[in-house]
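Here's the structure we're looking at; comments come further down.
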Amino acid sequence: MTVRTKVLPAKVVDWFARPSSVWWGFAVVHLYFLGWMASFFLHGDTFSDTEQYRQWAMDGYNPQDLDGKISPWVYPVLAQLPIFLANIAGPDLYLLAWFLIITALNAVGLAFLTRGPRKVSGIAPAWWWLFFTVFMGYLSFARVEGITAPIVLIALLYAAQRPVVAGILLSIATWIKVWPAAVLVPIVIASRKRIHVVLSGAAVTAVVALGTWISGGLPHIMDFLLNQGERGMQLEATFSTPWVWLSVFNIAGSRMADNTAINSTEVYGPGAGTAAFLMQPLLILAAVVAAVLLVRALNRGAEREELFLEGSLMMVTAFIVFNKVGSPQFIIWLAPVIIAGLAHDWNRWKVPAALLMGIAMTTFVIYPLFYTPLIHAHPVMAAILTTRNVLLVVLLWWSVKRTAELGRKSPAAVPAGA
């Protein structure tokens with residue numbers, strides 16, 4: 001606060017503190033990206049993964065009709081709803097429609113963040129979100145993560161008072177992209193209504209399975225899990241860092257090359273295949289350890305809302321760090337947790353918020369700015385990628401440490417059972 005008041009005039013600080021100012025900021029940021037996207041959609045073009053989404057929307061969702069192309073079932077089935085909806089105005093305006101869908105979801109998320117009891121406490125987190133979007137918007141507006149992030153944010157804001165609603169929203173988001181499951185688990189552990197949360201998730205899954213069966217796609221409903229086993233170590237993954245540097249120095253034939261079957265750049269070299277094989281069990285082990293820490297903290301009387309927030313950060317960060325896929329849009333997963341944490345306790349969450357902003361900045365340099373030099377083993381870009389990955393590990397360490405500290409508190413009056 002002191003630095004901010006010294007740098008900015010008092011009137012400027014007061015303006016930023018008004019609820020209306022956040023919406024002006026929202027408009028400026030989204031109009032900037034709309035203008036940038038216009039350079040594509042005014043010519044009937046798309047950007048990044050939206051080209052793949054548009055192709056699916058035109059070709060349909062039956063893998064047998066795609067002639068060996070990437071299947072839309074690499075995503076959970078509900079991802080097909082926004083992918084299809086974005087084609088409502090035709091393929092030439094696909095990117096515009098996709099952008100407007102995400103903008104609408106962001107607006108709803110911002111409204112939930114800055115209303116009611118968070119009318120004041122939500123303003124600063126909302127500004128953090130907008131600055132984060134400046135760096136990650138190129139990905140937020142071009143990937144499925146842009147659909148799921150505001151849904152997860154709303155779920156987290158609901159979770160303390162209405163955990164069943166949060167469970168429904170997170171289950172829907174998980175059937176769009178798997179990562180929200182990492183937020184759902186801590187809420188199930190920390191909530192007094194965990195049985196209701198689990199049943200709500202099961203109900204959502206049953207409805208999704210029924211709808212998929214009616215549409216004839218049930219044989220493919222689990223393809224998004226089965227397809228991942230064939231992947232190698234993606235270039236940007238945290239554990240790929242040693243092979244990135246082996247490629248930079250051209251040691252033992254190490255290299256970076258495209259896996260055209262899944263449109264991914266992967267690392268190759270001594271031990272890379274073994275590392276890719278081990279990442280799945282390591283990820284499962286990390287999730288189990290995180291769950292144990294959460295149960296331990298709950299049994300020692302940890303405050304429930306702080307527990308599921310810090311547990312969500314720990315679980316989501318673990319999903320990124322221990323993942324053989326390291327796509328830059330994964331960083332968007334962390335934003336809803338940080339935003340909800342800042343709204344809950346700004347001082348406690350300002351450290352991970354600063355870390356994630358640094359992660360967002362370095363990710364922006366990697367993609368979309370200088371991804372081509374990176375895949376050609378440029379040492380400066382390798383250093384920037386390494387910095388980003390180190391920051392991710394530090395963020396994981398922070399979340400584990402703070403969750404463990406919650407578990408050291410003496411038992412509180414809050415019953416641990418529920």
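Quick note on naming: the chains in the structure tokens go A, B, ... in the order shown, residues restart at 1 in each chain, and ligands are numbered from 1 in order of appearance.
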Exercise: A:Met361 partners within 12 Å, only C-alpha atoms, chain neighbours under 3 positions left out, as JSON, numbers by chain: {"A": [131, 132, 133, 134, 135, 136, 137, 328, 331, 354, 355, 356, 357, 358, 364, 365, 366, 367, 368, 369, 384, 385, 387, 388, 391]}
Please tabulate, as CSV, the residues of stretch 270-359 of chain A that come within 7 Å of stretch 178-185 of chain A, each with its closest pair of atoms and the distance in Å to one decimal, counting only C-alpha atoms and ordering rows by chain, then residue number upward.
```
residue,atom,partner,partner_atom,distance
A:Ser312,CA,A:Val183,CA,4.8
A:Met315,CA,A:Ala182,CA,5.4
A:Val316,CA,A:Ala182,CA,5.3
```
Shell of 9 Å around A:Leu93, only C-alpha atoms, local chain residues under 3 positions omitted, as a list in words: Phe41, Leu42, His43, Gly44, Asp45, Thr46, Ala86, Asn87, Ile88, Ala89, Gly90, Leu96, Ala97 and Trp98 of chain A
Which residue of A:Arg118, A:Arg143, A:Lys350, A:Arg402 approaches A:Lys177 most closely, using only C-alpha atoms: A:Arg143
Surrounding residues of A:Ala404 excluding itself and chain neighbours under 5 positions, 9 Å, only C-alpha atoms, as a PyMOL selection string: chain A and resi 293-294+296-297+399
Requested write-out: N, CA and C atoms of the selected residues, as a PDB file, in the first residue's frame:
```pdb
ATOM      1  N   LEU A 293      -2.073 -34.296   3.243  1.00  0.00           N
ATOM      2  CA  LEU A 293      -1.803 -33.036   3.938  1.00  0.00           C
ATOM      3  C   LEU A 293      -3.100 -32.301   4.269  1.00  0.00           C
ATOM      4  N   LEU A 294      -4.043 -32.333   3.346  1.00  0.00           N
ATOM      5  CA  LEU A 294      -5.323 -31.659   3.568  1.00  0.00           C
ATOM      6  C   LEU A 294      -6.119 -32.328   4.688  1.00  0.00           C
ATOM      7  N   ARG A 296      -4.933 -34.130   7.115  1.00  0.00           N
ATOM      8  CA  ARG A 296      -4.192 -33.872   8.358  1.00  0.00           C
ATOM      9  C   ARG A 296      -4.513 -32.488   8.904  1.00  0.00           C
ATOM     10  N   ALA A 297      -4.501 -31.485   8.018  1.00  0.00           N
ATOM     11  CA  ALA A 297      -4.793 -30.124   8.443  1.00  0.00           C
ATOM     12  C   ALA A 297      -6.226 -30.002   8.946  1.00  0.00           C
ATOM     13  N   SER A 399       2.758 -23.394  -1.440  1.00  0.00           N
ATOM     14  CA  SER A 399       1.432 -23.939  -1.145  1.00  0.00           C
ATOM     15  C   SER A 399       1.517 -25.151  -0.215  1.00  0.00           C
TER      16      SER A 399
END
```
12 Å contact set for A:Trp245, only C-alpha atoms, chain neighbours under 5 positions out, as a PyMOL selection string: chain A and resi 235-236+239-240+250-256+267-269+374-386
